[in-house]
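This is work.pdb (PDB, C-alpha atoms).
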ATOM      1  CA  LEU J1485       3.275 -29.232   4.792
ATOM      2  CA  ASP J1486       7.081 -29.206   4.857
ATOM      3  CA  ASP J1487       7.143 -32.150   2.451
ATOM      4  CA  ARG J1488       4.751 -30.391   0.025
ATOM      5  CA  PRO J1489       6.202 -26.941  -0.720
ATOM      6  CA  ALA J1490       3.852 -26.191  -3.625
ATOM      7  CA  LEU J1491       0.808 -26.817  -1.431
ATOM      8  CA  ALA J1492       2.366 -24.823   1.415
ATOM      9  CA  GLU J1493       2.849 -21.853  -0.929
ATOM     10  CA  ARG J1494      -0.784 -22.065  -2.123
ATOM     11  CA  VAL J1495      -2.006 -22.118   1.476
ATOM     12  CA  ARG J1496       0.244 -19.151   2.364
ATOM     13  CA  LEU J1497      -1.110 -17.143  -0.582
ATOM     14  CA  ARG J1498      -4.723 -17.932   0.392
ATOM     15  CA  VAL J1499      -4.083 -16.858   4.000
ATOM     16  CA  GLU J1500      -2.612 -13.579   2.702
ATOM     17  CA  ASP J1501      -5.755 -13.093   0.551
ATOM     18  CA  ILE J1502      -7.979 -13.667   3.581
ATOM     19  CA  ASP J1503      -5.914 -11.251   5.693
ATOM     20  CA  ARG J1504      -6.144  -8.621   2.930
ATOM     21  CA  THR J1505      -9.917  -9.109   2.725
ATOM     22  CA  ILE J1506     -10.268  -8.681   6.490
ATOM     23  CA  ARG J1507      -8.241  -5.446   6.339
ATOM     24  CA  ARG J1508     -10.467  -4.159   3.513
ATOM     25  CA  ILE J1509     -13.609  -4.945   5.511
ATOM     26  CA  ARG J1510     -12.188  -3.095   8.512
ATOM     27  CA  THR J1511     -11.293  -0.147   6.299
ATOM     28  CA  SER J1512     -14.831  -0.078   4.905
ATOM     29  CA  ILE J1513     -16.238  -0.069   8.430
ATOM     30  CA  PHE J1514     -14.018   2.870   9.371
ATOM     31  CA  ALA J1515     -15.069   4.727   6.219
ATOM     32  CA  LEU J1516     -18.760   4.126   6.990
ATOM     33  CA  ARG J1517     -18.295   5.431  10.528
ATOM     34  CA  GLY J1518     -16.885   8.646   9.027
ATOM     35  CA  ALA J1519     -15.054  11.351  10.907
ATOM     36  CA  LEU J1520     -15.850   9.838  14.308
ATOM     37  CA  ALA J1521     -13.617   6.872  13.504
ATOM     38  CA  THR J1522     -10.582   8.703  12.177
ATOM     39  CA  ALA J1523      -8.480  11.548  13.405
ATOM     40  CA  ALA J1524      -8.679  14.554  11.112
ATOM     41  CA  GLY J1525      -5.456  14.797   9.164
ATOM     42  CA  GLY J1526      -4.277  11.430  10.474
ATOM     43  CA  LEU J1527      -2.520   8.857   8.311
ATOM     44  CA  ARG J1528      -5.642   6.744   7.725
ATOM     45  CA  GLN J1529      -7.814   9.684   6.701
ATOM     46  CA  SER J1530      -5.089  11.268   4.566
ATOM     47  CA  ILE J1531      -4.453   8.043   2.639
ATOM     48  CA  LEU J1532      -8.179   7.490   2.091
ATOM     49  CA  GLU J1533      -8.512  11.048   0.783
ATOM     50  CA  THR J1534      -5.486  10.646  -1.510
ATOM     51  CA  ALA J1535      -6.825   7.370  -2.938
ATOM     52  CA  GLU J1536     -10.246   8.937  -3.483
ATOM     53  CA  GLU J1537      -8.684  11.976  -5.140
ATOM     54  CA  LEU J1538      -6.793   9.768  -7.606
ATOM     55  CA  SER J1539      -9.859   7.657  -8.464
ATOM     56  CA  ALA J1540     -10.768  10.010 -11.313
ATOM     57  CA  VAL J1541      -7.312   9.666 -12.890
ATOM     58  CA  LEU J1542      -7.290   5.889 -12.420
ATOM     59  CA  GLY J1543     -10.803   5.375 -13.746
ATOM     60  CA  PHE J1544     -11.678   3.251 -10.696
ATOM     61  CA  ARG J1545     -11.485   3.451  -6.916
ATOM     62  CA  PRO J1546      -8.414   1.664  -5.518
ATOM     63  CA  HIS J1547      -8.905  -0.777  -2.643
ATOM     64  CA  VAL J1548      -7.308   0.567   0.536
ATOM     65  CA  ALA J1549      -6.660  -1.581   3.599
ATOM     66  CA  PHE J1550      -5.049  -0.829   6.948
ATOM     67  CA  SER J1551      -3.601  -3.023   9.647
ATOM     68  CA  ASP J1552      -2.033  -2.666  13.054
ATOM     69  CA  LEU J1553      -1.480   0.801  14.605
ATOM     70  CA  VAL J1554      -2.503   3.027  11.686
ATOM     71  CA  ASP J1555      -4.435   5.460  13.885
ATOM     72  CA  VAL J1556      -1.298   6.323  15.856
ATOM     73  CA  THR J1557      -0.138   9.860  15.096
ATOM     74  CA  LEU J1558       3.096  10.018  13.102
ATOM     75  CA  ASP J1559       5.344  13.018  12.722
ATOM     76  CA  ASP J1560       4.349  15.322   9.864
ATOM     77  CA  ALA J1561       7.427  14.577   7.740
ATOM     78  CA  LEU J1562       6.828  10.795   7.824
ATOM     79  CA  THR J1563       3.133  11.283   7.030
ATOM     80  CA  GLU J1564       4.123  13.523   4.112
ATOM     81  CA  ASP J1565       6.536  10.878   2.776
ATOM     82  CA  ALA J1566       3.898   8.146   3.129
ATOM     83  CA  LEU J1567       1.338  10.222   1.230
ATOM     84  CA  ALA J1568       3.908  10.956  -1.491
ATOM     85  CA  CYS J1569       4.439   7.206  -1.836
ATOM     86  CA  VAL J1570       0.714   6.516  -2.181
ATOM     87  CA  ARG J1571       0.250   9.404  -4.601
ATOM     88  CA  GLU J1572       3.242   8.427  -6.784
ATOM     89  CA  GLY J1573       2.402   4.727  -6.719
ATOM     90  CA  LEU J1574      -1.199   5.272  -7.803
ATOM     91  CA  THR J1575      -0.188   7.916 -10.344
ATOM     92  CA  ASN J1576       2.213   5.398 -11.903
ATOM     93  CA  VAL J1577      -0.635   2.885 -12.099
ATOM     94  CA  ALA J1578      -2.769   5.484 -13.896
ATOM     95  CA  LYS J1579       0.000   6.518 -16.304
ATOM     96  CA  HIS J1580       1.663   3.217 -17.153
ATOM     97  CA  ALA J1581      -0.162   0.093 -15.988
ATOM     98  CA  ARG J1582      -3.387   0.013 -18.028
ATOM     99  CA  ALA J1583      -4.821  -1.549 -14.867
ATOM    100  CA  THR J1584      -8.447  -2.209 -13.978
ATOM    101  CA  ALA J1585      -7.754  -2.545 -10.241
ATOM    102  CA  ALA J1586      -5.211  -1.363  -7.702
ATOM    103  CA  SER J1587      -4.720  -1.798  -3.985
ATOM    104  CA  VAL J1588      -2.982   0.120  -1.224
ATOM    105  CA  ASP J1589      -2.112  -1.867   1.903
ATOM    106  CA  VAL J1590      -0.864   0.116   4.895
ATOM    107  CA  ALA J1591       0.698  -1.574   7.914
ATOM    108  CA  LEU J1592       2.083   0.321  10.874
ATOM    109  CA  THR J1593       3.765  -1.388  13.793
ATOM    110  CA  ALA J1594       5.624   0.222  16.667
ATOM    111  CA  ASP J1595       8.823   0.005  14.619
ATOM    112  CA  GLU J1596       7.925   0.128  10.924
ATOM    113  CA  LEU J1597       5.559   1.607   8.359
ATOM    114  CA  THR J1598       4.983  -0.526   5.256
ATOM    115  CA  LEU J1599       3.046   0.645   2.209
ATOM    116  CA  THR J1600       2.318  -1.892  -0.512
ATOM    117  CA  ILE J1601       0.716  -0.736  -3.746
ATOM    118  CA  GLY J1602      -0.267  -3.317  -6.329
ATOM    119  CA  ASP J1603      -2.122  -3.369  -9.612
ATOM    120  CA  ASP J1604      -3.373  -5.864 -12.210
ATOM    121  CA  GLY J1605      -1.857  -4.026 -15.175
ATOM    122  CA  VAL J1606       0.790  -4.803 -17.755
ATOM    123  CA  GLY J1607       3.619  -5.062 -15.236
ATOM    124  CA  SER J1608       6.813  -3.188 -14.524
ATOM    125  CA  ALA J1609       8.644  -4.602 -17.544
ATOM    126  CA  ALA J1610       6.727  -2.091 -19.657
ATOM    127  CA  ALA J1611       7.769   0.827 -17.438
ATOM    128  CA  THR J1612      10.662   3.095 -18.154
ATOM    129  CA  HIS J1613      12.781   4.927 -15.596
ATOM    130  CA  SER J1614      10.634   7.231 -13.516
ATOM    131  CA  SER J1615      11.857  10.150 -11.456
ATOM    132  CA  GLY J1616       8.852   9.510  -9.195
ATOM    133  CA  THR J1617       9.922   6.015  -8.231
ATOM    134  CA  ALA J1618      13.508   7.236  -7.851
ATOM    135  CA  ASN J1619      12.150   9.862  -5.479
ATOM    136  CA  LEU J1620      10.346   7.175  -3.462
ATOM    137  CA  ARG J1621      13.552   5.159  -3.213
ATOM    138  CA  THR J1622      15.395   8.267  -2.023
ATOM    139  CA  ARG J1623      12.700   9.054   0.567
ATOM    140  CA  ALA J1624      12.853   5.495   1.918
ATOM    141  CA  GLU J1625      16.648   5.317   2.009
ATOM    142  CA  ARG J1626      16.894   8.739   3.667
ATOM    143  CA  ARG J1627      14.810   7.258   6.496
ATOM    144  CA  GLY J1628      16.869   4.043   6.676
ATOM    145  CA  GLY J1629      14.193   2.084   4.838
ATOM    146  CA  SER J1630      13.729   0.381   1.498
ATOM    147  CA  PHE J1631      11.780   0.616  -1.742
ATOM    148  CA  THR J1632      11.155  -2.265  -4.138
ATOM    149  CA  MET J1633       9.226  -2.523  -7.382
ATOM    150  CA  MET J1634       8.606  -5.988  -8.765
ATOM    151  CA  PRO J1635       6.135  -8.038 -10.756
ATOM    152  CA  GLY J1636       3.010  -8.914  -8.786
ATOM    153  CA  VAL J1637       2.275 -12.533  -7.886
ATOM    154  CA  ALA J1638      -0.735 -12.623 -10.227
ATOM    155  CA  GLY J1639       0.573 -10.091 -12.755
ATOM    156  CA  GLY J1640       0.830  -6.341 -12.665
ATOM    157  CA  THR J1641       3.322  -4.577 -10.431
ATOM    158  CA  THR J1642       3.821  -4.385  -6.684
ATOM    159  CA  ILE J1643       5.762  -1.645  -4.978
ATOM    160  CA  THR J1644       6.727  -1.879  -1.325
ATOM    161  CA  TRP J1645       7.942   1.098   0.691
ATOM    162  CA  LYS J1646       9.206   0.305   4.204
ATOM    163  CA  VAL J1647      10.624   2.736   6.719
ATOM    164  CA  PRO J1648      11.362   2.593  10.433
ATOM    165  CA  THR J1649       9.105   4.737  12.580
ATOM    166  CA  ARG J1650      11.696   5.438  15.280
TER     167      ARG J1650
END
Please rewrite the model in this file as structure tokens.
Amino acid sequence: LDDRPALAERVRLRVEDIDRTIRRIRTSIFALRGALATAAGGLRQSILETAEELSAVLGFRPHVAFSDLVDVTLDDALTEDALACVREGLTNVAKHARATAASVDVALTADELTLTIGDDGVGSAAATHSSGTANLRTRAERRGGSFTMMPGVAGGTTITWKVPTR
């Protein structure tokens, strides 16, 4: 598909959609299996609880998906920063986005934790400066990572918070 970049991009986006759907199915399976499937207080369980807690403020339940080594135990400070990112990202969706759907994608490899929070709302152009997102940037940079907030591919806003785990 090198000679057809538009088609290559459409295929790439569809593959990402399929991967996201697979992660959501796996997350649903873990949730159905309950406490036997997740370590109490672990990253997976804590993020699921945070997303559930914010459902009332959002007016809907955000989709949460996990991939890779999410059940590995992280140090408490990194887990705390990750939960702050999820909480702030979803709170911003509730306050500013006028969204009807949001997603939290969590990927943990041996070297990096990536949190991606997206919504289908009005987009980041409507947002003003937020001390919460500035705090997330500071938390990421303090760990040698990065924070970005940009328009989503299909509208809304996507934030990505990446930090090394070592």
Within 6 Å of Gly1605 (chain J), counting all atoms listed in the file, which residues qualify if same-chain residues fewer than 3 places away don't, as a PyMOL selection string? chain J and resi 1581-1583+1640
Write a file of the selected residues as a tab-separated table (two decimals), in the frame of the given file, keeping C-alpha atoms.
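Below you can see part.tsv, which holds the result:
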chain	number	residue	atom	x	y	z
J	1581	ALA	CA	-0.16	0.09	-15.99
J	1582	ARG	CA	-3.39	0.01	-18.03
J	1583	ALA	CA	-4.82	-1.55	-14.87
J	1640	GLY	CA	0.83	-6.34	-12.66
Can you tell me how far CA of Asp1603 (chain J) sits from CA of Pro1546 (chain J), in Å to one decimal? 9.0 Å
Run through the PyMOL selection byres ((chain J and resi 1558-1560) around 12) on the given coordinates and return the selected residues as a list in words. Ala1523, Gly1525, Gly1526, Leu1527, Arg1528, Ser1530, Leu1553, Val1554, Asp1555, Val1556, Thr1557, Ala1561, Leu1562, Thr1563, Glu1564, Asp1565, Ala1566, Leu1567, Leu1592, Thr1593, Ala1594, Asp1595, Glu1596, Leu1597, Pro1648, Thr1649 and Arg1650 of chain J
Across J:Gln1529, J:Ser1630, J:Ser1587, J:Asn1619, the smallest distance to Cys1569 (chain J), with only C-alpha atoms counted, is shown by J:Asn1619
Would you list the residues near (0.7, 6.9, -9.0), meaning any protein, DNA or RNA residue with an atom at most 10 Å from that point in file coordinates, counting all atoms listed in the file, as a ChimeraX atom specification? /J:1535,1538,1541-1542,1568-1581,1601,1616-1617
With C-alpha atoms retained, export the selected residues as a CSV table (one decimal), in the frame of the given file.
chain,number,residue,atom,x,y,z
J,1535,ALA,CA,-6.8,7.4,-2.9
J,1538,LEU,CA,-6.8,9.8,-7.6
J,1541,VAL,CA,-7.3,9.7,-12.9
J,1542,LEU,CA,-7.3,5.9,-12.4
J,1568,ALA,CA,3.9,11.0,-1.5
J,1569,CYS,CA,4.4,7.2,-1.8
J,1570,VAL,CA,0.7,6.5,-2.2
J,1571,ARG,CA,0.2,9.4,-4.6
J,1572,GLU,CA,3.2,8.4,-6.8
J,1573,GLY,CA,2.4,4.7,-6.7
J,1574,LEU,CA,-1.2,5.3,-7.8
J,1575,THR,CA,-0.2,7.9,-10.3
J,1576,ASN,CA,2.2,5.4,-11.9
J,1577,VAL,CA,-0.6,2.9,-12.1
J,1578,ALA,CA,-2.8,5.5,-13.9
J,1579,LYS,CA,0.0,6.5,-16.3
J,1580,HIS,CA,1.7,3.2,-17.2
J,1581,ALA,CA,-0.2,0.1,-16.0
J,1601,ILE,CA,0.7,-0.7,-3.7
J,1616,GLY,CA,8.9,9.5,-9.2
J,1617,THR,CA,9.9,6.0,-8.2
